[in-house]
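Trainee: Sharing target-v3.cif (mmCIF, C-alpha atoms and all ligand atoms) below.
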```cif
data_query
loop_
_atom_site.label_atom_id
_atom_site.label_comp_id
_atom_site.auth_asym_id
_atom_site.auth_seq_id
_atom_site.Cartn_x
_atom_site.Cartn_y
_atom_site.Cartn_z
CA ILE A 924 -87.55 -16.87 -111.86
CA ASN A 925 -90.96 -17.38 -113.44
CA LEU A 926 -90.04 -15.16 -116.40
CA ILE A 927 -86.69 -16.84 -116.90
CA GLY A 928 -88.29 -20.28 -116.49
CA ASN A 929 -90.84 -19.45 -119.19
CA ALA A 930 -88.15 -18.10 -121.51
CA VAL A 931 -86.23 -21.36 -121.15
CA LYS A 932 -89.38 -23.45 -121.54
CA PHE A 933 -90.59 -21.78 -124.73
CA THR A 934 -87.22 -21.35 -126.48
CA ALA A 935 -85.94 -24.38 -128.33
CA GLU A 936 -83.28 -22.55 -130.30
CA GLY A 937 -81.42 -19.26 -130.09
CA GLY A 938 -80.90 -17.59 -126.77
CA ILE A 939 -82.20 -15.97 -123.65
CA ALA A 940 -80.95 -12.74 -122.13
CA VAL A 941 -81.62 -11.29 -118.71
CA ALA A 942 -80.78 -7.64 -118.30
CA ALA A 943 -81.11 -4.91 -115.70
CA GLY A 944 -80.38 -1.25 -116.13
CA ARG A 945 -81.41 2.27 -115.37
CA ASP A 946 -84.67 3.53 -116.86
CA GLY A 947 -85.28 7.08 -115.63
CA ASP A 948 -85.34 6.90 -111.84
CA ARG A 949 -86.23 3.22 -111.91
CA ILE A 950 -84.40 0.01 -112.63
CA ARG A 951 -85.78 -1.99 -115.51
CA PHE A 952 -85.44 -5.76 -115.50
CA SER A 953 -86.07 -7.61 -118.70
CA VAL A 954 -86.07 -11.19 -119.89
CA ASN A 955 -85.73 -11.61 -123.61
CA ASP A 956 -85.98 -14.83 -125.58
CA THR A 957 -85.86 -15.88 -129.21
CA GLY A 958 -88.51 -18.54 -128.66
CA LYS A 959 -91.94 -19.25 -130.10
CA GLY A 960 -93.49 -15.94 -129.06
CA ILE A 961 -97.09 -15.11 -128.19
CA PRO A 962 -99.67 -14.06 -130.81
CA GLU A 963 -101.14 -10.59 -130.44
CA GLU A 964 -104.64 -11.87 -129.66
CA ASP A 965 -103.30 -13.88 -126.68
CA GLN A 966 -101.12 -11.13 -125.25
CA GLU A 967 -103.79 -9.21 -123.35
CA HIS A 968 -105.09 -12.36 -121.64
CA ILE A 969 -101.82 -14.03 -120.82
CA LEU A 970 -101.42 -12.31 -117.45
CA LYS A 971 -104.77 -13.66 -116.21
CA PRO A 972 -104.81 -16.82 -114.07
CA PHE A 973 -105.02 -20.16 -115.88
CA ILE A 974 -104.60 -18.64 -119.34
CA GLN A 975 -102.04 -20.13 -121.69
CA SER A 976 -101.15 -19.11 -125.19
CA SER A 977 -102.72 -21.11 -128.01
CA MET A 978 -99.20 -21.56 -129.39
CA SER A 979 -97.94 -23.43 -126.37
CA ASP A 980 -100.89 -24.80 -124.39
CA HIS A 981 -99.62 -28.36 -124.77
CA GLU A 982 -96.39 -27.64 -122.89
CA GLY A 983 -97.76 -28.37 -119.41
CA GLY A 984 -97.75 -25.82 -116.59
CA THR A 985 -100.69 -24.20 -114.91
CA GLY A 986 -100.98 -20.72 -116.39
CA LEU A 987 -100.56 -19.23 -112.91
CA GLY A 988 -96.97 -18.05 -112.99
CA LEU A 989 -97.48 -14.85 -114.94
CA ALA A 990 -100.63 -13.98 -112.97
CA ILE A 991 -98.69 -14.21 -109.71
CA SER A 992 -95.61 -12.44 -111.07
CA SER A 993 -97.58 -9.55 -112.44
CA ARG A 994 -99.42 -9.14 -109.10
CA PHE A 995 -96.07 -8.96 -107.28
CA ILE A 996 -94.81 -6.41 -109.76
CA GLU A 997 -97.97 -4.32 -109.26
CA MET A 998 -97.38 -4.43 -105.50
CA MET A 999 -93.92 -3.01 -106.19
CA GLY A 1000 -95.50 -0.10 -108.01
CA SER A 1001 -95.00 -1.21 -111.58
CA SER A 1002 -96.58 -3.39 -114.22
CA LEU A 1003 -95.41 -6.31 -116.32
CA GLU A 1004 -94.90 -5.33 -119.94
CA LEU A 1005 -94.78 -7.70 -122.87
CA GLU A 1006 -93.51 -7.35 -126.40
CA SER A 1007 -93.73 -10.44 -128.52
CA SER A 1008 -94.12 -11.67 -132.03
CA PRO A 1009 -94.86 -15.28 -132.97
CA GLY A 1010 -91.81 -17.15 -134.21
CA ARG A 1011 -89.43 -14.38 -133.17
CA GLY A 1012 -89.58 -14.34 -129.41
CA SER A 1013 -90.73 -12.37 -126.40
CA THR A 1014 -89.50 -9.73 -124.01
CA PHE A 1015 -91.09 -9.45 -120.59
CA SER A 1016 -89.98 -6.42 -118.60
CA PHE A 1017 -90.82 -4.18 -115.67
CA ALA A 1018 -89.27 -1.08 -114.13
CA ILE A 1019 -89.40 -0.69 -110.38
CA PRO A 1020 -88.25 2.09 -108.06
CA LEU A 1021 -85.33 0.90 -105.91
CA LYS A 1022 -83.39 2.66 -103.15
CA VAL A 1023 -79.80 3.62 -103.82
CA SER A 1024 -77.51 1.35 -101.83
CA GLU A 1025 -75.21 2.92 -99.29
CA GLN A 1026 -72.65 0.17 -99.73
CA PRO A 1027 -69.90 0.55 -102.28
CA PRO A 1028 -70.23 -1.75 -105.28
CA GLU A 1029 -68.37 -5.02 -105.03
CA THR A 1030 -65.19 -5.02 -107.05
CA ARG A 1031 -63.97 -8.24 -108.55
CA PRO A 1032 -60.22 -8.72 -108.54
CA ARG A 1033 -59.09 -8.58 -112.15
CA GLN A 1034 -56.98 -11.43 -113.33
CA GLY A 1035 -54.94 -11.56 -116.49
CA THR A 1036 -55.74 -13.86 -119.38
CA VAL A 1037 -54.22 -17.33 -119.22
CA LEU A 1038 -51.60 -17.67 -121.95
CA ALA A 1039 -50.37 -21.21 -121.47
CA VAL A 1040 -49.86 -24.09 -119.12
CA LYS A 1041 -46.65 -23.46 -117.16
CA GLY A 1042 -43.55 -25.55 -117.73
CA GLY A 1043 -44.12 -26.33 -121.39
CA VAL A 1044 -46.08 -29.48 -120.55
CA SER A 1045 -49.34 -30.61 -122.15
CA PRO A 1046 -51.60 -32.08 -119.47
CA ARG A 1047 -54.26 -34.55 -120.57
CA VAL A 1048 -57.88 -33.60 -120.00
CA LEU A 1049 -60.93 -35.74 -120.57
CA VAL A 1050 -64.07 -33.82 -121.53
CA VAL A 1051 -67.27 -35.83 -121.12
CA ASP A 1052 -70.56 -34.52 -122.48
CA ASP A 1053 -73.16 -35.99 -124.80
CA LYS A 1054 -73.51 -32.60 -126.48
CA LEU A 1055 -70.88 -31.93 -129.10
CA ASP A 1056 -71.21 -28.14 -128.72
CA ASN A 1057 -70.31 -28.22 -125.05
CA ARG A 1058 -67.34 -30.46 -125.71
CA LEU A 1059 -66.10 -28.18 -128.47
CA ILE A 1060 -66.26 -25.03 -126.34
CA LEU A 1061 -64.19 -26.59 -123.58
CA LYS A 1062 -61.86 -28.26 -126.06
CA GLU A 1063 -61.12 -24.95 -127.72
CA MET A 1064 -60.51 -23.12 -124.43
CA LEU A 1065 -58.22 -25.87 -123.15
CA GLU A 1066 -56.26 -26.62 -126.32
CA ARG A 1067 -55.52 -22.94 -126.82
CA VAL A 1068 -53.38 -22.93 -123.68
CA GLY A 1069 -51.71 -26.27 -124.38
CA PHE A 1070 -53.85 -29.08 -122.99
CA THR A 1071 -54.29 -32.34 -124.86
CA VAL A 1072 -58.03 -32.93 -124.92
CA HIS A 1073 -59.75 -36.30 -125.16
CA GLU A 1074 -63.51 -36.60 -125.49
CA ALA A 1075 -66.19 -39.01 -124.39
CA GLU A 1076 -69.94 -38.81 -124.97
CA ASN A 1077 -71.16 -40.75 -121.95
CA GLY A 1078 -70.10 -41.85 -118.47
CA GLN A 1079 -69.30 -45.43 -119.41
CA ARG A 1080 -66.89 -44.41 -122.14
CA ALA A 1081 -65.41 -41.83 -119.73
CA VAL A 1082 -64.62 -44.48 -117.13
CA SER A 1083 -62.88 -46.73 -119.63
CA LEU A 1084 -60.93 -43.81 -121.10
CA ALA A 1085 -59.95 -42.72 -117.58
CA PHE A 1086 -58.35 -46.16 -117.04
CA GLU A 1087 -56.67 -46.06 -120.40
CA LEU A 1088 -55.35 -42.48 -120.43
CA ARG A 1089 -54.98 -41.56 -116.74
CA PRO A 1090 -55.88 -37.93 -117.53
CA ASP A 1091 -54.72 -35.07 -115.30
CA CYS A 1092 -58.29 -33.94 -114.83
CA ILE A 1093 -61.82 -34.67 -116.05
CA PHE A 1094 -64.75 -32.41 -116.91
CA MET A 1095 -68.04 -34.27 -116.83
CA ASP A 1096 -71.62 -33.45 -117.69
CA ILE A 1097 -74.27 -34.81 -115.31
CA LYS A 1098 -77.16 -35.84 -117.55
CA MET A 1099 -75.95 -38.26 -120.20
CA PRO A 1100 -77.26 -41.41 -121.82
CA VAL A 1101 -75.91 -44.90 -121.00
CA MET A 1102 -74.22 -43.79 -117.77
CA ASP A 1103 -74.72 -40.40 -116.14
CA GLY A 1104 -72.11 -38.22 -114.45
CA TYR A 1105 -73.02 -39.29 -110.91
CA GLN A 1106 -72.50 -42.97 -111.66
CA ALA A 1107 -69.29 -42.31 -113.57
CA VAL A 1108 -67.71 -40.20 -110.82
CA GLU A 1109 -68.65 -42.87 -108.29
CA LYS A 1110 -66.80 -45.51 -110.34
CA ILE A 1111 -63.76 -43.27 -110.78
CA LYS A 1112 -63.57 -42.33 -107.11
CA ALA A 1113 -63.99 -45.98 -106.07
CA ASP A 1114 -60.82 -46.97 -107.91
CA ASP A 1115 -57.48 -46.64 -106.07
CA ALA A 1116 -55.57 -45.74 -109.21
CA LEU A 1117 -58.04 -43.10 -110.44
CA ARG A 1118 -59.24 -41.58 -107.18
CA SER A 1119 -56.74 -38.72 -107.16
CA ILE A 1120 -57.80 -37.41 -110.56
CA PRO A 1121 -59.87 -34.25 -110.05
CA VAL A 1122 -63.30 -34.59 -111.63
CA PHE A 1123 -65.37 -31.44 -112.25
CA ALA A 1124 -69.07 -31.44 -112.96
CA LEU A 1125 -70.44 -29.40 -115.86
CA ILE A 1126 -73.75 -27.96 -114.71
CA ALA A 1127 -76.45 -25.83 -116.24
CA SER A 1128 -76.93 -23.58 -113.27
CA ALA A 1129 -75.26 -22.79 -110.01
CA PHE A 1130 -78.10 -23.28 -107.58
CA LYS A 1131 -77.10 -24.04 -104.02
CA HIS A 1132 -78.79 -27.43 -103.81
CA ASP A 1133 -77.00 -28.59 -106.97
CA GLU A 1134 -73.63 -27.55 -105.54
CA GLN A 1135 -74.22 -29.54 -102.38
CA LYS A 1136 -75.33 -32.66 -104.18
CA ILE A 1137 -72.46 -32.49 -106.66
CA LEU A 1138 -69.77 -32.15 -104.01
CA GLU A 1139 -71.34 -34.95 -101.95
CA SER A 1140 -71.32 -37.23 -104.98
CA GLY A 1141 -67.55 -37.20 -105.27
CA PHE A 1142 -66.93 -34.38 -107.74
CA ASP A 1143 -64.03 -32.09 -106.82
CA GLY A 1144 -65.79 -28.99 -108.09
CA PHE A 1145 -68.10 -27.74 -110.78
CA LEU A 1146 -68.21 -25.39 -113.72
CA ALA A 1147 -71.51 -23.71 -114.54
CA LYS A 1148 -72.65 -23.01 -118.07
CA PRO A 1149 -72.02 -20.75 -119.90
CA PHE A 1150 -68.40 -21.70 -119.29
CA GLN A 1151 -66.23 -18.80 -118.22
CA GLN A 1152 -62.52 -19.07 -118.86
CA GLY A 1153 -61.49 -17.44 -115.61
CA ARG A 1154 -63.49 -19.97 -113.57
CA LEU A 1155 -62.29 -22.87 -115.68
CA PHE A 1156 -58.61 -22.15 -115.11
CA ALA A 1157 -59.10 -21.19 -111.45
CA LEU A 1158 -60.84 -24.52 -110.85
CA ILE A 1159 -57.93 -26.42 -112.39
CA GLU A 1160 -55.28 -24.47 -110.43
CA GLU A 1161 -57.15 -24.91 -107.15
CA ASN A 1162 -57.55 -28.65 -107.53
CA SER A 1163 -54.43 -29.90 -109.29
CA GLU A 1164 -50.71 -29.37 -109.69
CA ILE A 1165 -51.26 -27.66 -113.03
CA ARG A 1166 -50.22 -23.99 -113.09
CA PHE A 1167 -50.70 -21.30 -115.72
CA GLU A 1168 -48.79 -18.41 -117.16
CA TYR A 1169 -50.86 -15.24 -117.11
CA GLU A 1170 -50.67 -12.36 -119.49
CA LYS A 1171 -48.97 -9.38 -117.92
CA PRO A 1172 -50.85 -6.14 -118.46
CA ALA A 1173 -48.61 -4.74 -121.21
CA PRO A 1174 -49.20 -1.03 -121.75
CA GLU A 1175 -47.39 -1.12 -125.08
CA GLY A 1176 -49.60 -3.91 -126.39
CA ASN A 1177 -48.64 -7.13 -128.12
CA GLY A 1178 -48.50 -5.79 -131.65
CA LYS A 1179 -51.65 -7.58 -132.82
CA SER A 1180 -54.12 -5.58 -130.83
CA PRO A 1181 -54.28 -1.81 -130.92
CA VAL A 1182 -53.88 -0.27 -127.49
CA LEU A 1183 -56.80 1.83 -126.35
CA ASN A 1184 -57.10 3.84 -123.19
CA GLU A 1185 -60.47 4.60 -121.59
CA ALA A 1186 -60.81 7.89 -123.44
CA ASP A 1187 -60.28 6.09 -126.80
CA ILE A 1188 -62.86 3.46 -125.86
CA ILE A 1189 -65.40 6.13 -124.90
CA ARG A 1190 -64.71 8.18 -128.04
CA GLN A 1191 -64.83 5.25 -130.49
CA GLY A 1192 -67.64 3.54 -128.56
CA GLY A 1193 -69.69 6.73 -128.89
CA LEU A 1194 -69.65 6.27 -132.67
CA LEU A 1195 -71.36 2.88 -132.46
CA SER A 1196 -75.14 2.86 -132.85
CA GLY A 1197 -77.61 1.90 -130.15
CA GLU A 1198 -78.40 -1.21 -132.18
CA ASP A 1199 -74.67 -2.10 -132.22
CA LEU A 1200 -74.47 -1.83 -128.46
CA ARG A 1201 -77.63 -3.88 -128.07
CA ILE A 1202 -76.16 -6.71 -130.17
CA TYR A 1203 -72.85 -6.57 -128.28
CA GLY A 1204 -74.59 -6.46 -124.88
CA GLU A 1205 -77.04 -9.26 -125.61
CA ALA A 1206 -74.41 -11.55 -127.09
CA LEU A 1207 -72.15 -10.91 -124.10
CA LEU A 1208 -74.93 -11.79 -121.66
CA ILE A 1209 -74.99 -15.32 -123.01
CA ASN A 1210 -71.24 -15.42 -123.74
CA ASP A 1211 -71.89 -15.80 -127.45
CA PHE A 1212 -68.28 -15.04 -128.46
CA THR A 1213 -68.81 -16.18 -132.05
CA ARG A 1214 -71.57 -13.64 -132.48
CA ILE A 1215 -69.48 -10.85 -130.93
CA SER A 1216 -66.45 -11.47 -133.12
CA GLN A 1217 -68.60 -11.79 -136.24
CA TRP A 1218 -70.41 -8.56 -135.38
CA ALA A 1219 -67.12 -6.73 -134.68
CA ARG A 1220 -65.52 -8.05 -137.88
CA GLU A 1221 -68.43 -7.06 -140.10
CA ASN A 1222 -69.05 -3.71 -138.47
CA LYS A 1223 -67.59 -0.91 -140.56
CA THR A 1224 -68.43 2.07 -138.33
CA GLU A 1225 -66.05 4.82 -139.38
CA GLY A 1226 -63.59 5.85 -136.69
CA ALA A 1227 -64.31 2.86 -134.46
CA GLY A 1228 -62.00 0.38 -136.25
CA GLY A 1229 -59.47 0.16 -133.43
CA LEU A 1230 -62.11 -0.53 -130.82
CA LEU A 1231 -63.83 -3.14 -132.99
CA GLN A 1232 -60.49 -4.85 -133.56
CA VAL A 1233 -59.86 -4.98 -129.81
CA ILE A 1234 -63.36 -6.38 -129.24
CA GLU A 1235 -62.87 -9.01 -131.93
CA ASN A 1236 -59.51 -10.08 -130.47
CA ASN A 1237 -61.01 -10.39 -127.01
CA ALA A 1238 -63.98 -12.36 -128.33
CA SER A 1239 -61.67 -14.78 -130.13
CA ALA A 1240 -59.84 -15.30 -126.84
CA PHE A 1241 -63.14 -15.81 -124.89
CA ASN A 1242 -62.06 -12.91 -122.74
CA GLU A 1243 -65.41 -12.11 -121.19
CA ASP A 1244 -64.04 -9.96 -118.37
CA GLU A 1245 -62.33 -7.57 -120.78
CA LEU A 1246 -65.37 -7.52 -123.11
CA ARG A 1247 -67.56 -6.63 -120.16
CA ARG A 1248 -65.16 -3.91 -119.01
CA ILE A 1249 -65.13 -2.37 -122.50
CA LEU A 1250 -68.94 -2.40 -122.68
CA GLU A 1251 -69.19 -0.79 -119.24
CA ILE A 1252 -66.77 1.96 -120.26
CA ILE A 1253 -68.75 2.65 -123.45
CA GLN A 1254 -72.05 2.69 -121.60
CA GLY A 1255 -70.58 4.89 -118.87
CA GLY A 1256 -69.35 7.28 -121.55
CA ASN A 1257 -72.77 7.39 -123.18
CA GLU A 1258 -74.63 8.37 -120.02
P1 LIG B 1 -97.35 -21.73 -117.26
O1 LIG B 1 -95.96 -21.54 -117.77
O2 LIG B 1 -97.44 -22.56 -116.01
O3 LIG B 1 -98.31 -22.16 -118.31
P2 LIG B 1 -97.43 -18.83 -116.98
O4 LIG B 1 -98.50 -17.98 -116.37
O5 LIG B 1 -96.05 -18.62 -116.48
O6 LIG B 1 -97.89 -20.32 -116.75
O7 LIG B 1 -97.49 -18.64 -118.54
C1 LIG B 1 -98.73 -18.64 -119.21
C2 LIG B 1 -98.58 -18.91 -120.66
O8 LIG B 1 -97.97 -17.79 -121.30
C3 LIG B 1 -97.69 -20.08 -121.00
O9 LIG B 1 -98.35 -21.31 -120.92
C4 LIG B 1 -97.33 -19.74 -122.45
O10 LIG B 1 -98.42 -20.08 -123.30
C5 LIG B 1 -97.25 -18.23 -122.42
N1 LIG B 1 -95.85 -17.76 -122.23
C6 LIG B 1 -95.30 -17.28 -121.09
N2 LIG B 1 -94.01 -16.91 -121.27
C7 LIG B 1 -93.74 -17.16 -122.55
C8 LIG B 1 -92.57 -17.00 -123.36
N3 LIG B 1 -91.43 -16.49 -122.87
N4 LIG B 1 -92.65 -17.36 -124.67
C9 LIG B 1 -93.80 -17.87 -125.18
N5 LIG B 1 -94.94 -18.06 -124.47
C10 LIG B 1 -94.92 -17.70 -123.18
#
```
Show how you would write the structure in this file as structure tokens.
Ligand code: ADP
Mentor:
Amino acid sequence: INLIGNAVKFTAEGGIAVAAGRDGDRIRFSVNDTGKGIPEEDQEHILKPFIQSSMSDHEGGTGLGLAISSRFIEMMGSSLELESSPGRGSTFSFAIPLKVSEQPPETRPRQGTVLAVKGGVSPRVLVVDDKLDNRLILKEMLERVGFTVHEAENGQRAVSLAFELRPDCIFMDIKMPVMDGYQAVEKIKADDALRSIPVFALIASAFKHDEQKILESGFDGFLAKPFQQGRLFALIEENSEIRFEYEKPAPEGNGKSPVLNEADIIRQGGLLSGEDLRIYGEALLINDFTRISQWARENKTEGAGGLLQVIENNASAFNEDELRRILEIIQGGNE
């Protein structure tokens, strides 16, 4: 949590990735950011108590977090490693020995991709967020399947649009200028005519105390960022009359996308470079679908064209489950 907190704190632009994977007989955990980085001369001192980097000593904090974290990691038989360059970012990582679990891995039920809203209707959705990017992501996911999307940039505007449009559901950010999400949902739920409209909170994280507070404040549910399509549509189906048509697993494909079986994925995936897989994996960790489709489109690896086309199609459809499955198959094949 300390490493992730630091990555968030010192990264104004770009992204953060948290990864875990096998490293010999250990499991390596790493937190990578594209933030301000730590100059070489500060790197050897940064793990000591009360030391902060000269690049970021005005950001507050105590300089204790890394000292405590690295002591814990030492107690687990490892050490905290740092790679960083100023202006480019940092990667903190450690590899610890862990026991093999006797329990079988949890399997998530796989659900097909949502194709459209059922019944040929176009339900109205109000998306409320002061950040344009967040509104656009949801707008694109919802319009693709047939919703009519209206937007508002603060709670006050959302309440007046709710009266005007009577949307079928509302997605609402919490922290916004003028009127925040808590106040807006309170107003909506206090009105007899609007009360039945499901209102979902858009939240940055899914910590337990947030969930509790959000549900107690009148929201009908919440969607954590980065937004995942599967959760988005499940939330709507669980809380409204809206139903979706799902894609049936079609073995003969839909014509646009080549059909690949696992052996094809392993074979073509094996042709991609380690750097390719790193880009794909890191972009997928933060659901950066634009990056994945751009990478797949521009990648000209000979013999892997079919696989790259499938990846690009899935990235354009925000199909994170399928993208993750493909990556796992490739990585499994590479072991
Ligand atoms: P604090 O964050 O309270 O200052 P830490 O011990 O967690 O304490 O971090 C010490 C210092 O290390 C930070 O103040 C910052 O200068 C530097 N630092 C830690 N993580 C990062 C990071 N991901 N990117 C840039 N600088 C970092």
Trainee: Tell me, in Å to one decimal, how far CA of Ala1113 (chain A) is from CA of Phe1142 (chain A).
Mentor: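 Distance between the two atoms: 12.1 Å.
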Trainee: Residues at most 9 Å from Phe1086 (chain A), counting all atoms listed in the file, excluding those fewer than 3 positions away in the same chain, as a PyMOL selection string?
Mentor: chain A and resi 1081-1083+1089-1090+1111+1116-1117
Trainee: Taking all atoms listed in the file into account, which residues are within 7 Å of ligand LIG 1 (chain B), as a ChimeraX atom specification?
Mentor: /A:925-926,929-930,933-934,956,958-961,969-970,972-980,982-990,1012-1013
Trainee: Would you tabulate, counting all atoms listed in the file, all residues of region 1165-1230 of chain A that have an atom at most 12 Å from an atom of region 1045-1061 of chain A, showing the closest pair of atoms and their distance in Å to one decimal, sorted by chain then ascending number, as a Markdown table?
Mentor:
```
| residue | atom | partner | partner_atom | distance |
| --- | --- | --- | --- | --- |
| A:Ile1165 | CA | A:Pro1046 | CA | 7.8 |
| A:Arg1166 | CA | A:Pro1046 | CA | 10.4 |
| A:Phe1167 | CA | A:Ser1045 | CA | 11.4 |
| A:Asn1210 | CA | A:Ile1060 | CA | 11.1 |
| A:Asp1211 | CA | A:Ile1060 | CA | 10.9 |
| A:Phe1212 | CA | A:Ile1060 | CA | 10.4 |
| A:Thr1213 | CA | A:Ile1060 | CA | 10.8 |
```
Trainee: So the first atom is CA of Arg1067 (chain A) and the second is CA of Ser1163 (chain A); what is the distance between them in Å, to one decimal place?
Mentor: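 That distance, rounded to one decimal, is 18.9 Å.
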Trainee: Scan for residues within 12 Å of the point (-79.5, 0.9, -113.6) in the coordinates of the file, using all atoms listed in the file, and reply as a list in words.
Mentor: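 Here is the list of nearby residues: Ala942, Ala943, Gly944, Arg945, Asp946, Gly947, Asp948, Arg949, Ile950, Arg951, Phe952, Ser953, Ala1018, Ile1019, Pro1020, Leu1021, Lys1022, Val1023, Ser1024, Glu1251, Gln1254, Gly1255 and Glu1258 of chain A.
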Trainee: Can you pull out the residues contacting region 1214-1224 of chain A? Cut-off 8 Å, using all atoms listed in the file, and skip same-chain residues under 3 positions away; I want them as a list in words.
Mentor: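 Listing them by chain and then by number gives Leu1194, Leu1195, Ile1202, Tyr1203, Ala1206, Leu1207, Asp1211, Ala1227, Gly1228, Leu1231, Gln1232, Ile1234, Glu1235, Asn1236, Ala1238 and Ser1239 of chain A.
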Trainee: Report the distance between CA of Ile1253 (chain A) and CA of Ile1188 (chain A) in Å, rounded to one decimal place.
Mentor: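 A separation of 6.4 Å between them.
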Trainee: When you count all atoms listed in the file, which of these residues is closest to Leu1005 (chain A): A:Ser993, A:Thr1036, A:Gln966, A:Gln1135?
Mentor: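 For Leu1005 (chain A), the nearest of the candidates is A:Gln966.
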Trainee: Using all atoms listed in the file, pick whichever of A:Lys1041, A:Arg1201, A:His1073, A:Lys1148 has the shortest atom-to-atom distance to Glu1168 (chain A).
Mentor: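 For Glu1168 (chain A), the nearest of the candidates is A:Lys1041.
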Trainee: Please determine, counting all atoms listed in the file, which residue among A:Leu1155, A:Phe1015, A:Glu1109, A:Thr957 has the shortest atom-to-atom distance to Gly938 (chain A).
Mentor: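 Using all atoms listed in the file, the shortest distance to Gly938 (chain A) belongs to A:Thr957.
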Trainee: Closest to Asn1077 (chain A) among A:Val1233, A:Ala1107, A:Ile1209, A:Ile924, using all atoms listed in the file?
Mentor: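 Checking each candidate against Asn1077 (chain A), we get A:Ala1107 as the closest.
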Trainee: What lies within 8 Å of Met1099 (chain A) using all atoms listed in the file, ignoring chain neighbours under 2 positions off, as a list in words?
Mentor: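 Contacts, in chain order: Asp1052, Asp1053, Glu1076, Asn1077, Gly1078, Asp1096, Ile1097, Val1101, Met1102, Asp1103 and Gly1104 of chain A.
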